[in-house]
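Novice: Structure: start-v9.cif, mmCIF, C-alpha atoms.
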data_query
loop_
_atom_site.label_atom_id
_atom_site.label_comp_id
_atom_site.auth_asym_id
_atom_site.auth_seq_id
_atom_site.Cartn_x
_atom_site.Cartn_y
_atom_site.Cartn_z
CA MET A 1 6.53 -22.34 -51.42
CA GLY A 2 7.28 -21.95 -55.12
CA LEU A 3 9.58 -19.21 -56.31
CA LEU A 4 6.78 -17.50 -58.25
CA THR A 5 4.36 -17.60 -55.33
CA GLY A 6 7.05 -16.25 -53.02
CA LEU A 7 7.84 -13.45 -55.45
CA LYS A 8 4.16 -12.55 -55.82
CA SER A 9 3.76 -12.48 -52.07
CA SER A 10 6.84 -10.26 -51.65
CA ILE A 11 5.64 -7.83 -54.34
CA SER A 12 2.18 -7.71 -52.81
CA ARG A 13 3.64 -7.06 -49.36
CA ALA A 14 5.96 -4.34 -50.69
CA ALA A 15 3.06 -2.71 -52.57
CA SER A 16 0.81 -2.75 -49.55
CA THR A 17 3.59 -1.15 -47.47
CA LEU A 18 4.27 1.45 -50.16
CA PHE A 19 0.66 2.41 -50.63
CA SER A 20 -0.64 2.01 -47.12
CA GLU A 21 -1.93 5.21 -45.58
CA GLU A 22 0.23 4.95 -42.51
CA GLU A 23 3.16 3.08 -41.04
CA PRO A 24 2.37 -0.03 -38.98
CA LYS A 25 1.76 0.81 -35.35
CA ARG A 26 4.50 -0.24 -32.95
CA ILE A 27 2.91 -2.27 -30.20
CA GLY A 28 5.06 -2.79 -27.12
CA ILE A 29 4.61 -5.94 -25.06
CA TYR A 30 5.17 -4.82 -21.49
CA GLY A 31 4.89 -6.31 -18.04
CA PRO A 32 6.91 -7.50 -15.05
CA PRO A 33 9.66 -10.15 -15.45
CA ASN A 34 8.44 -13.73 -16.07
CA ALA A 35 4.91 -12.75 -17.13
CA GLY A 36 5.28 -14.56 -20.46
CA LYS A 37 5.91 -11.59 -22.75
CA THR A 38 8.37 -13.36 -25.05
CA THR A 39 6.19 -16.48 -25.15
CA LEU A 40 3.33 -14.27 -26.35
CA ALA A 41 5.53 -12.40 -28.83
CA ASN A 42 6.78 -15.70 -30.26
CA ARG A 43 3.22 -17.07 -30.45
CA ILE A 44 2.09 -13.99 -32.43
CA ALA A 45 5.13 -14.18 -34.72
CA ARG A 46 4.65 -17.92 -35.33
CA ASP A 47 0.95 -17.49 -36.08
CA TRP A 48 1.22 -14.53 -38.46
CA THR A 49 4.60 -14.29 -40.12
CA GLU A 50 5.69 -16.23 -43.16
CA HIS A 51 8.64 -18.05 -41.64
CA GLY A 52 7.25 -18.07 -38.13
CA ASP A 53 10.58 -17.11 -36.60
CA ALA A 54 10.73 -16.68 -32.84
CA ILE A 55 11.35 -13.15 -31.60
CA GLY A 56 13.47 -14.27 -28.68
CA PRO A 57 14.35 -17.16 -26.37
CA GLU A 58 11.86 -18.07 -23.62
CA SER A 59 12.97 -19.01 -20.13
CA HIS A 60 11.83 -19.44 -16.54
CA VAL A 61 14.89 -17.47 -15.38
CA PRO A 62 13.91 -13.81 -14.90
CA HIS A 63 15.37 -11.21 -17.29
CA GLU A 64 15.93 -13.65 -20.16
CA THR A 65 14.96 -10.76 -22.46
CA ARG A 66 17.46 -7.99 -21.90
CA ARG A 67 17.06 -6.06 -25.14
CA ALA A 68 13.90 -4.76 -26.78
CA ARG A 69 13.31 -6.74 -29.98
CA ARG A 70 11.08 -5.64 -32.82
CA LYS A 71 9.33 -7.88 -35.32
CA GLU A 72 8.18 -5.75 -38.21
CA ASN A 73 5.06 -5.99 -40.35
CA VAL A 74 3.14 -8.67 -38.51
CA GLU A 75 -0.08 -8.95 -40.51
CA ILE A 76 -3.01 -10.19 -38.45
CA GLU A 77 -6.13 -11.07 -40.41
CA ARG A 78 -9.47 -10.48 -38.74
CA ASP A 79 -12.93 -10.50 -40.37
CA GLY A 80 -11.50 -10.14 -43.86
CA LYS A 81 -9.33 -7.17 -42.88
CA THR A 82 -5.59 -7.10 -42.24
CA VAL A 83 -4.11 -5.27 -39.29
CA THR A 84 -0.38 -4.68 -39.66
CA ILE A 85 1.67 -4.03 -36.53
CA ASP A 86 5.28 -4.09 -35.43
CA VAL A 87 5.57 -6.22 -32.30
CA VAL A 88 8.13 -4.96 -29.79
CA ASP A 89 9.05 -7.51 -27.11
CA THR A 90 10.51 -5.61 -24.14
CA PRO A 91 12.50 -6.64 -21.06
CA GLY A 92 10.45 -7.09 -17.88
CA VAL A 93 10.25 -3.89 -15.86
CA THR A 94 11.38 -3.77 -12.24
CA THR A 95 12.79 -1.23 -9.77
CA LYS A 96 15.49 -3.58 -8.47
CA VAL A 97 17.97 -6.11 -9.83
CA ASP A 98 20.09 -8.22 -7.50
CA TYR A 99 22.61 -10.50 -9.15
CA THR A 100 22.52 -12.92 -6.20
CA GLU A 101 19.02 -13.98 -7.30
CA PHE A 102 20.52 -15.39 -10.50
CA LEU A 103 22.93 -17.52 -8.46
CA GLU A 104 19.88 -19.56 -7.41
CA HIS A 105 19.50 -20.57 -11.07
CA ASP A 106 22.86 -22.41 -11.15
CA MET A 107 24.78 -19.47 -12.55
CA GLU A 108 28.39 -18.57 -11.80
CA LYS A 109 28.93 -15.19 -10.15
CA ASP A 110 30.50 -13.61 -13.25
CA ASP A 111 27.56 -14.70 -15.39
CA ALA A 112 25.06 -13.50 -12.78
CA VAL A 113 26.74 -10.08 -12.53
CA ARG A 114 26.81 -9.75 -16.31
CA ARG A 115 23.19 -10.80 -16.58
CA SER A 116 22.15 -8.28 -13.91
CA ARG A 117 24.04 -5.47 -15.68
CA GLU A 118 22.38 -6.34 -18.99
CA ALA A 119 19.02 -6.59 -17.22
CA THR A 120 19.33 -3.05 -15.82
CA GLU A 121 20.21 -1.72 -19.26
CA GLY A 122 17.22 -3.58 -20.69
CA VAL A 123 14.78 -2.10 -18.17
CA ALA A 124 16.08 1.42 -18.89
CA GLU A 125 15.69 0.70 -22.61
CA ALA A 126 12.12 -0.54 -22.10
CA MET A 127 11.20 2.65 -20.25
CA HIS A 128 12.68 4.76 -23.01
CA TRP A 129 10.69 2.88 -25.67
CA LEU A 130 7.53 3.39 -23.63
CA ARG A 131 8.01 7.16 -23.44
CA GLU A 132 9.17 7.68 -27.02
CA ASP A 133 8.60 4.86 -29.44
CA VAL A 134 5.44 2.81 -29.01
CA ASP A 135 1.93 3.54 -30.28
CA GLY A 136 0.12 1.03 -28.11
CA VAL A 137 0.75 -1.50 -25.35
CA ILE A 138 -0.11 -5.13 -24.69
CA TYR A 139 0.34 -5.44 -20.92
CA VAL A 140 1.01 -9.04 -19.92
CA LEU A 141 0.45 -10.28 -16.39
CA ASP A 142 0.95 -13.71 -14.85
CA SER A 143 -2.58 -14.47 -13.63
CA SER A 144 -1.24 -16.90 -11.01
CA THR A 145 0.52 -14.07 -9.11
CA ASP A 146 -0.62 -10.97 -7.23
CA PRO A 147 -1.20 -8.08 -9.67
CA PHE A 148 -1.20 -5.44 -6.89
CA THR A 149 2.48 -4.62 -7.31
CA GLN A 150 4.05 -1.22 -7.56
CA VAL A 151 5.59 -1.92 -10.97
CA ASN A 152 2.15 -2.75 -12.39
CA THR A 153 0.53 0.31 -10.79
CA MET A 154 3.28 2.61 -12.04
CA LEU A 155 3.45 1.20 -15.56
CA ILE A 156 -0.31 1.29 -16.09
CA GLY A 157 -0.24 4.90 -14.77
CA ILE A 158 2.57 5.82 -17.18
CA ILE A 159 0.72 4.20 -20.12
CA GLU A 160 -2.53 6.00 -19.20
CA SER A 161 -0.76 9.34 -18.81
CA GLN A 162 0.45 9.03 -22.40
CA ASP A 163 -3.02 8.14 -23.68
CA LEU A 164 -1.70 4.95 -25.28
CA PRO A 165 -4.27 2.24 -26.03
CA VAL A 166 -3.60 -0.69 -23.69
CA LEU A 167 -4.77 -4.28 -23.87
CA ILE A 168 -4.34 -6.15 -20.59
CA LEU A 169 -3.77 -9.90 -20.86
CA ALA A 170 -4.17 -12.28 -17.92
CA ASN A 171 -1.61 -14.87 -19.07
CA LYS A 172 -0.90 -18.38 -17.81
CA ILE A 173 -4.56 -19.38 -17.42
CA ASP A 174 -3.37 -22.97 -17.82
CA LEU A 175 -1.87 -22.82 -14.32
CA GLU A 176 -3.87 -24.09 -11.35
CA ASP A 177 -3.40 -20.90 -9.29
CA SER A 178 -4.56 -18.63 -12.12
CA SER A 179 -7.19 -16.01 -11.22
CA VAL A 180 -8.35 -13.76 -14.04
CA GLN A 181 -10.80 -12.04 -11.69
CA ARG A 182 -7.93 -10.86 -9.45
CA ILE A 183 -6.45 -9.01 -12.42
CA LYS A 184 -9.83 -7.59 -13.41
CA ASN A 185 -10.21 -6.29 -9.84
CA ALA A 186 -6.74 -4.70 -9.91
CA PHE A 187 -7.38 -2.75 -13.12
CA PRO A 188 -11.15 -2.22 -13.33
CA GLN A 189 -10.71 0.76 -15.67
CA HIS A 190 -9.46 -1.61 -18.40
CA GLU A 191 -10.75 -4.72 -20.10
CA THR A 192 -8.82 -7.90 -19.25
CA THR A 193 -8.50 -10.78 -21.72
CA PRO A 194 -7.51 -14.25 -20.42
CA VAL A 195 -4.91 -16.22 -22.35
CA SER A 196 -2.31 -18.94 -22.20
CA ALA A 197 0.41 -17.87 -24.61
CA LEU A 198 2.26 -21.13 -23.91
CA GLU A 199 -0.67 -23.43 -24.72
CA GLY A 200 -2.27 -21.10 -27.28
CA ASP A 201 -5.55 -21.00 -25.32
CA ASN A 202 -7.90 -18.12 -26.24
CA MET A 203 -5.49 -16.60 -28.76
CA ASP A 204 -8.40 -15.99 -31.17
CA GLU A 205 -9.92 -13.52 -28.72
CA VAL A 206 -6.50 -11.90 -28.23
CA TYR A 207 -6.20 -11.35 -32.00
CA ASP A 208 -9.76 -9.94 -32.09
CA LYS A 209 -8.77 -7.48 -29.36
CA ILE A 210 -5.48 -6.56 -31.08
CA ALA A 211 -7.46 -5.73 -34.25
CA GLU A 212 -10.01 -3.77 -32.21
CA TYR A 213 -7.48 -1.80 -30.12
CA PHE A 214 -4.68 -1.25 -32.62
CA GLY A 215 -6.26 -1.64 -36.06
CA MET B 1 15.96 18.31 21.74
CA ALA B 2 17.01 14.69 21.59
CA GLU B 3 20.67 13.90 21.48
CA VAL B 4 21.94 13.09 17.97
CA LYS B 5 22.68 9.41 17.87
CA ASP B 6 24.85 7.29 15.66
CA PRO B 7 22.96 7.00 12.33
CA SER B 8 23.97 3.34 12.07
CA GLU B 9 21.77 2.60 15.07
CA GLY B 10 18.57 3.39 13.27
CA VAL B 11 16.89 4.14 9.97
CA ARG B 12 16.53 7.74 8.86
CA ILE B 13 13.19 8.75 7.40
CA ASP B 14 12.90 11.88 5.28
CA LEU B 15 9.34 13.17 4.98
CA ILE B 16 9.22 15.58 2.07
CA SER B 17 6.31 17.95 1.71
CA GLY B 18 4.52 18.59 -1.56
CA GLU B 19 5.48 22.23 -1.21
CA ARG B 20 9.19 21.39 -1.15
CA MET B 21 8.88 19.10 -4.17
CA ALA B 22 6.88 21.66 -6.15
CA GLY B 23 9.91 23.93 -6.44
CA LEU B 24 12.13 21.23 -7.94
CA THR B 25 12.61 20.09 -11.53
CA SER B 26 12.00 16.41 -12.38
CA MET B 27 15.72 15.57 -12.34
CA GLU B 28 16.23 17.41 -9.03
CA LYS B 29 13.44 15.35 -7.49
CA ILE B 30 14.90 12.10 -8.83
CA ARG B 31 18.40 13.04 -7.66
CA MET B 32 17.15 13.93 -4.18
CA ILE B 33 15.27 10.62 -3.89
CA LEU B 34 18.14 8.48 -5.19
CA ASP B 35 20.78 10.26 -3.08
CA GLY B 36 18.64 9.67 0.02
CA VAL B 37 17.92 6.03 -0.80
CA ARG B 38 21.55 5.27 -1.66
CA GLU B 39 22.52 6.54 1.79
CA GLY B 40 20.11 3.97 3.24
CA ASN B 41 17.31 6.41 4.09
CA ILE B 42 13.58 5.94 3.65
CA VAL B 43 12.08 8.78 1.65
CA ILE B 44 8.39 9.58 2.06
CA LEU B 45 6.85 11.99 -0.41
CA GLU B 46 3.66 13.72 0.63
CA GLU B 47 2.45 14.08 -2.94
CA GLY B 48 4.41 11.53 -4.95
CA LEU B 49 5.73 11.81 -8.49
CA SER B 50 4.01 12.20 -11.85
CA PRO B 51 3.90 9.10 -14.10
CA ASP B 52 6.59 10.63 -16.31
CA GLU B 53 8.83 11.24 -13.30
CA GLU B 54 8.23 7.68 -12.09
CA SER B 55 9.29 6.41 -15.50
CA ARG B 56 12.50 8.46 -15.36
CA LEU B 57 13.14 7.39 -11.75
CA ILE B 58 13.08 3.74 -12.85
CA GLU B 59 15.41 4.53 -15.76
CA VAL B 60 17.95 6.46 -13.66
CA THR B 61 17.79 3.84 -10.88
CA MET B 62 18.72 1.15 -13.39
CA THR B 63 21.82 3.06 -14.47
CA GLU B 64 22.99 3.28 -10.84
CA ILE B 65 22.57 -0.36 -9.80
CA SER B 66 25.91 -2.02 -9.13
CA PRO B 67 26.73 -5.46 -7.69
CA ASP B 68 27.24 -5.65 -3.90
CA GLU B 69 26.58 -1.91 -3.58
CA PHE B 70 23.15 -0.79 -4.76
CA THR B 71 20.43 -3.21 -5.85
CA GLY B 72 17.76 -0.64 -6.63
CA LEU B 73 14.76 0.67 -4.79
CA GLU B 74 11.42 -0.36 -3.45
CA ILE B 75 8.65 2.13 -4.05
CA GLU B 76 5.10 1.97 -2.75
CA THR B 77 1.97 3.98 -3.39
CA TYR B 78 -1.67 3.03 -3.08
CA PRO B 79 -2.62 0.94 -6.13
CA GLN B 80 -5.06 3.40 -7.62
CA SER B 81 -4.82 4.98 -10.99
CA GLU B 82 -5.29 8.67 -10.35
CA THR B 83 -4.49 9.56 -13.93
CA ALA B 84 -7.56 7.65 -15.09
CA ASP B 85 -9.64 10.25 -13.27
CA ALA B 86 -7.74 13.24 -14.59
CA SER B 87 -9.53 15.17 -17.27
CA PHE B 88 -8.17 15.06 -20.78
CA LEU B 89 -7.59 18.83 -20.65
CA ASN B 90 -5.52 18.53 -17.49
CA ARG B 91 -3.42 15.78 -19.02
CA LEU B 92 -3.01 17.85 -22.16
CA MET B 93 -1.80 20.74 -20.04
CA GLY B 94 0.59 18.41 -18.24
CA LYS B 95 -1.27 18.69 -14.96
CA GLN B 96 -1.04 15.16 -13.65
CA GLU B 97 -3.12 14.22 -10.66
CA SER B 98 -0.22 12.64 -8.81
CA LYS B 99 -0.98 13.54 -5.22
CA LYS B 100 -0.40 10.19 -3.61
CA LEU B 101 1.69 9.39 -0.56
CA THR B 102 4.77 7.52 -1.77
CA VAL B 103 7.30 5.52 0.25
CA ILE B 104 10.70 4.85 -1.34
CA GLY B 105 13.61 2.94 0.16
CA PRO B 106 16.60 0.75 -0.65
CA ALA B 107 15.43 -2.58 -2.13
CA ASN B 108 17.51 -4.54 0.39
CA GLN B 109 16.03 -2.75 3.43
CA ILE B 110 12.35 -2.38 2.74
CA GLU B 111 9.81 -5.14 2.27
CA THR B 112 6.11 -4.76 1.57
CA LEU B 113 4.05 -6.98 3.84
CA HIS B 114 0.61 -6.03 2.64
CA LYS B 115 -0.85 -3.61 0.17
CA ASP B 116 -4.35 -2.77 -0.98
CA GLU B 117 -6.23 0.32 -2.12
CA THR B 118 -6.24 1.89 1.34
CA LEU B 119 -3.36 0.38 3.31
CA ILE B 120 0.36 -0.22 2.87
CA LYS B 121 2.23 -2.27 5.50
CA THR B 122 6.00 -2.14 5.16
CA LEU B 123 8.84 -3.72 7.08
CA VAL B 124 11.97 -1.59 7.24
CA SER B 125 15.23 -3.14 8.38
CA ARG B 126 18.60 -1.69 9.20
CA ARG B 127 21.47 -2.24 6.83
#
As structure tokens, how would this structure be written, given the file I've shared?

Specialist:
Amino acid sequence: MGLLTGLKSSISRAASTLFSEEEPKRIGIYGPPNAGKTTLANRIARDWTEHGDAIGPESHVPHETRRARRKENVEIERDGKTVTIDVVDTPGVTTKVDYTEFLEHDMEKDDAVRRSREATEGVAEAMHWLREDVDGVIYVLDSSTDPFTQVNTMLIGIIESQDLPVLILANKIDLEDSSVQRIKNAFPQHETTPVSALEGDNMDEVYDKIAEYFG
Amino acid sequence: MAEVKDPSEGVRIDLISGERMAGLTSMEKIRMILDGVREGNIVILEEGLSPDEESRLIEVTMTEISPDEFTGLEIETYPQSETADASFLNRLMGKQESKKLTVIGPANQIETLHKDETLIKTLVSRR
């Protein structure tokens, strides 16, 4: 990108921030560990930010994300309009963390203990963000696993009690065991949108819903 | 009255009435639950916690987890969203419809075998 074009784009972005009626809404990406939250956050960041930087590292090992990370001013264009949001990728929520589970992922005990301590801090941080600092929630579920878990029930209840808009995503539809209907049955009071954040399947509908729910 | 046995021989279950919980503040409830669970007891609440209290319970639990000592808790209620049925006015007034039987225990002693809208099957083991 030329220097002039870059400068124009920066000025235009600064002006739109200065003169916009309100601050961008902070949208928290929540869900249990290993649901694909960071993969989704990275997909959104890559699709809609200038440099396409990843928000955080993705991994199959649970609790890879142990700090909430915010990507500011993500501008999503839909039907000629721009919806600006801050995307907050949060650690997976759980009621238990056992360091011995990390040992199964070829980790030394010291590393596993450290990871578990950071994971507990991350979960506490995620809960704090949910109560105080987010304006809406994208709730990500792995559609190849059972959604009837206590963490899901509690988190959806907490989100509803705060009257936050919530978009439920049935992620990992590329997997053979995926069942979007199972997630629809678990949360019939909400609309469920299928997606594969990893493969990019159905992301257009996800962006339509983000604009509809949080625009 | 039955003879008091060695607590290590069994699992203690505390059934706490809604009436008893009603007189406690949120932090007192959370403290009572966590103290019980950390001693290896199963705590059954007749009327459960509000969503806000559940959120704080998760947060406080996380601060107390320590390797080889306490790995957290398992908590079970029926998977229904009572708050979705609560009127906006009630929510505005802070009156959460949270009357749901809730089972809480140490994560390393309690395992959910089956759960649906009307039934929870749980396996409780000794330490």

Novice: For Leu101 in chain B, which residue among B:Pro67, B:Gly18, B:Gly10, B:Gly40 is the nearest when counting all atoms listed in the file?

Specialist: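 Closest to Leu101 in chain B of all the choices is B:Gly18.
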
Novice: What residues come out when you apply the PyMOL selection byres ((chain B) within 6 of (chain A)) to this file, written as a PDB file with C-alpha atoms, keeping the file's coordinate frame?

Specialist:
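The resulting file, part16.pdb, is shown below:
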ATOM      1  CA  PRO B  51       3.900   9.100 -14.100  1.00  0.00           C
ATOM      2  CA  ILE B  58      13.080   3.740 -12.850  1.00  0.00           C
ATOM      3  CA  GLU B  59      15.410   4.530 -15.760  1.00  0.00           C
ATOM      4  CA  MET B  62      18.720   1.150 -13.390  1.00  0.00           C
ATOM      5  CA  THR B  71      20.430  -3.210  -5.850  1.00  0.00           C
ATOM      6  CA  GLY B  72      17.760  -0.640  -6.630  1.00  0.00           C
ATOM      7  CA  LEU B  73      14.760   0.670  -4.790  1.00  0.00           C
ATOM      8  CA  GLU B  76       5.100   1.970  -2.750  1.00  0.00           C
ATOM      9  CA  PRO B  79      -2.620   0.940  -6.130  1.00  0.00           C
ATOM     10  CA  SER B  81      -4.820   4.980 -10.990  1.00  0.00           C
TER      11      SER B  81
END

Novice: Please list as a short mmCIF file (atom, residue, chain, number, x, y, z; two decimals) with C-alpha atoms, keeping the file's coordinate frame every residue within 7 Å of range 71-74 of chain A, counting all atoms listed in the file and excluding residues in the same chain fewer than 3 positions away.

Specialist:
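Okay, out.cif is ready:
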data_model
loop_
_atom_site.label_atom_id
_atom_site.label_comp_id
_atom_site.auth_asym_id
_atom_site.auth_seq_id
_atom_site.Cartn_x
_atom_site.Cartn_y
_atom_site.Cartn_z
CA PRO A 24 2.37 -0.03 -38.98
CA ALA A 45 5.13 -14.18 -34.72
CA TRP A 48 1.22 -14.53 -38.46
CA THR A 49 4.60 -14.29 -40.12
CA ILE A 55 11.35 -13.15 -31.60
CA THR A 84 -0.38 -4.68 -39.66
CA ILE A 85 1.67 -4.03 -36.53
CA ASP A 86 5.28 -4.09 -35.43
CA VAL A 87 5.57 -6.22 -32.30
CA VAL A 88 8.13 -4.96 -29.79
#

Novice: Taking 2 positions as the minimum chain separation for residues in the same chain, which residues sit within 12 Å of range 201-205 of chain A when counting all atoms listed in the file? Answer as a VMD selection string.

Specialist: chain A and resid 40 to 41 43 to 44 47 to 48 76 to 79 167 169 to 175 192 to 199 207 to 212

Novice: Box along x, y and z, 5 Å on every side, all listed atoms of range 152-167 of chain A inside: centre and edge lengths in Å to one decimal, as lines of an AutoDock Vina configuration file.

Specialist:
center_x = -0.7
center_y = 2.5
center_z = -18.4
size_x = 18.2
size_y = 23.6
size_z = 25.2

Novice: Taking the file as shown, what set of residues would the PyMOL selection byres ((chain A and resi 145) around 10) give back, as a PyMOL selection string?

Specialist: chain A and resi 35+141-144+146-149+172+177-179+182-183

Novice: Could you state which residues are captured by the PyMOL selection byres ((chain B and resi 32) around 12) in this file, as a list of chain:residue names?

Specialist: B:Asp14, B:Ile16, B:Arg20, B:Met21, B:Leu24, B:Thr25, B:Ser26, B:Met27, B:Glu28, B:Lys29, B:Ile30, B:Arg31, B:Ile33, B:Leu34, B:Asp35, B:Gly36, B:Val37, B:Arg38, B:Glu39, B:Asn41, B:Ile42, B:Val43, B:Ile44, B:Leu45, B:Leu57, B:Ile104

Novice: Please dump the current selection as an mmCIF file, keeping the file's coordinate frame; keep C-alpha atoms.

Specialist:
data_model
loop_
_atom_site.group_PDB
_atom_site.id
_atom_site.type_symbol
_atom_site.label_atom_id
_atom_site.label_comp_id
_atom_site.auth_asym_id
_atom_site.auth_seq_id
_atom_site.Cartn_x
_atom_site.Cartn_y
_atom_site.Cartn_z
ATOM 1 C CA ASP B 14 12.900 11.880 5.280
ATOM 2 C CA ILE B 16 9.220 15.580 2.070
ATOM 3 C CA ARG B 20 9.190 21.390 -1.150
ATOM 4 C CA MET B 21 8.880 19.100 -4.170
ATOM 5 C CA LEU B 24 12.130 21.230 -7.940
ATOM 6 C CA THR B 25 12.610 20.090 -11.530
ATOM 7 C CA SER B 26 12.000 16.410 -12.380
ATOM 8 C CA MET B 27 15.720 15.570 -12.340
ATOM 9 C CA GLU B 28 16.230 17.410 -9.030
ATOM 10 C CA LYS B 29 13.440 15.350 -7.490
ATOM 11 C CA ILE B 30 14.900 12.100 -8.830
ATOM 12 C CA ARG B 31 18.400 13.040 -7.660
ATOM 13 C CA ILE B 33 15.270 10.620 -3.890
ATOM 14 C CA LEU B 34 18.140 8.480 -5.190
ATOM 15 C CA ASP B 35 20.780 10.260 -3.080
ATOM 16 C CA GLY B 36 18.640 9.670 0.020
ATOM 17 C CA VAL B 37 17.920 6.030 -0.800
ATOM 18 C CA ARG B 38 21.550 5.270 -1.660
ATOM 19 C CA GLU B 39 22.520 6.540 1.790
ATOM 20 C CA ASN B 41 17.310 6.410 4.090
ATOM 21 C CA ILE B 42 13.580 5.940 3.650
ATOM 22 C CA VAL B 43 12.080 8.780 1.650
ATOM 23 C CA ILE B 44 8.390 9.580 2.060
ATOM 24 C CA LEU B 45 6.850 11.990 -0.410
ATOM 25 C CA LEU B 57 13.140 7.390 -11.750
ATOM 26 C CA ILE B 104 10.700 4.850 -1.340
#

Novice: Starting from the incomplete input, reconstruct N, CA and C atoms of range 156-172 of chain A and write that as a PDB file, in the coordinates of the input.

Specialist:
ATOM      1  N   ILE A 156       1.028   0.995 -15.562  1.00  0.00           N
ATOM      2  CA  ILE A 156      -0.310   1.290 -16.090  1.00  0.00           C
ATOM      3  C   ILE A 156      -0.551   2.807 -16.014  1.00  0.00           C
ATOM      4  N   GLY A 157      -0.104   3.438 -14.912  1.00  0.00           N
ATOM      5  CA  GLY A 157      -0.240   4.900 -14.770  1.00  0.00           C
ATOM      6  C   GLY A 157       0.531   5.644 -15.854  1.00  0.00           C
ATOM      7  N   ILE A 158       1.739   5.171 -16.150  1.00  0.00           N
ATOM      8  CA  ILE A 158       2.570   5.820 -17.180  1.00  0.00           C
ATOM      9  C   ILE A 158       1.887   5.664 -18.553  1.00  0.00           C
ATOM     10  N   ILE A 159       1.388   4.464 -18.831  1.00  0.00           N
ATOM     11  CA  ILE A 159       0.720   4.200 -20.120  1.00  0.00           C
ATOM     12  C   ILE A 159      -0.528   5.086 -20.250  1.00  0.00           C
ATOM     13  N   GLU A 160      -1.305   5.169 -19.165  1.00  0.00           N
ATOM     14  CA  GLU A 160      -2.530   6.000 -19.200  1.00  0.00           C
ATOM     15  C   GLU A 160      -2.185   7.473 -19.384  1.00  0.00           C
ATOM     16  N   SER A 161      -1.113   7.915 -18.729  1.00  0.00           N
ATOM     17  CA  SER A 161      -0.760   9.340 -18.810  1.00  0.00           C
ATOM     18  C   SER A 161      -0.358   9.725 -20.234  1.00  0.00           C
ATOM     19  N   GLN A 162       0.063   8.742 -21.019  1.00  0.00           N
ATOM     20  CA  GLN A 162       0.450   9.030 -22.400  1.00  0.00           C
ATOM     21  C   GLN A 162      -0.681   8.768 -23.393  1.00  0.00           C
ATOM     22  N   ASP A 163      -1.850   8.436 -22.846  1.00  0.00           N
ATOM     23  CA  ASP A 163      -3.020   8.140 -23.680  1.00  0.00           C
ATOM     24  C   ASP A 163      -2.763   7.063 -24.721  1.00  0.00           C
ATOM     25  N   LEU A 164      -1.948   6.074 -24.364  1.00  0.00           N
ATOM     26  CA  LEU A 164      -1.700   4.950 -25.280  1.00  0.00           C
ATOM     27  C   LEU A 164      -2.806   3.916 -25.094  1.00  0.00           C
ATOM     28  N   PRO A 165      -3.311   3.336 -26.202  1.00  0.00           N
ATOM     29  CA  PRO A 165      -4.270   2.240 -26.030  1.00  0.00           C
ATOM     30  C   PRO A 165      -3.580   1.049 -25.371  1.00  0.00           C
ATOM     31  N   VAL A 166      -4.246   0.432 -24.399  1.00  0.00           N
ATOM     32  CA  VAL A 166      -3.600  -0.690 -23.690  1.00  0.00           C
ATOM     33  C   VAL A 166      -4.550  -1.882 -23.592  1.00  0.00           C
ATOM     34  N   LEU A 167      -4.028  -3.025 -23.964  1.00  0.00           N
ATOM     35  CA  LEU A 167      -4.770  -4.280 -23.870  1.00  0.00           C
ATOM     36  C   LEU A 167      -4.126  -5.097 -22.759  1.00  0.00           C
ATOM     37  N   ILE A 168      -4.898  -5.383 -21.718  1.00  0.00           N
ATOM     38  CA  ILE A 168      -4.340  -6.150 -20.590  1.00  0.00           C
ATOM     39  C   ILE A 168      -4.639  -7.646 -20.793  1.00  0.00           C
ATOM     40  N   LEU A 169      -3.595  -8.455 -20.722  1.00  0.00           N
ATOM     41  CA  LEU A 169      -3.770  -9.900 -20.860  1.00  0.00           C
ATOM     42  C   LEU A 169      -3.458 -10.604 -19.543  1.00  0.00           C
ATOM     43  N   ALA A 170      -4.396 -11.431 -19.103  1.00  0.00           N
ATOM     44  CA  ALA A 170      -4.170 -12.280 -17.920  1.00  0.00           C
ATOM     45  C   ALA A 170      -3.610 -13.595 -18.459  1.00  0.00           C
ATOM     46  N   ASN A 171      -2.283 -13.707 -18.452  1.00  0.00           N
ATOM     47  CA  ASN A 171      -1.610 -14.870 -19.070  1.00  0.00           C
ATOM     48  C   ASN A 171      -1.513 -16.041 -18.077  1.00  0.00           C
ATOM     49  N   LYS A 172      -1.121 -17.148 -18.587  1.00  0.00           N
ATOM     50  CA  LYS A 172      -0.900 -18.380 -17.810  1.00  0.00           C
ATOM     51  C   LYS A 172      -2.192 -18.926 -17.188  1.00  0.00           C
TER      52      LYS A 172
END
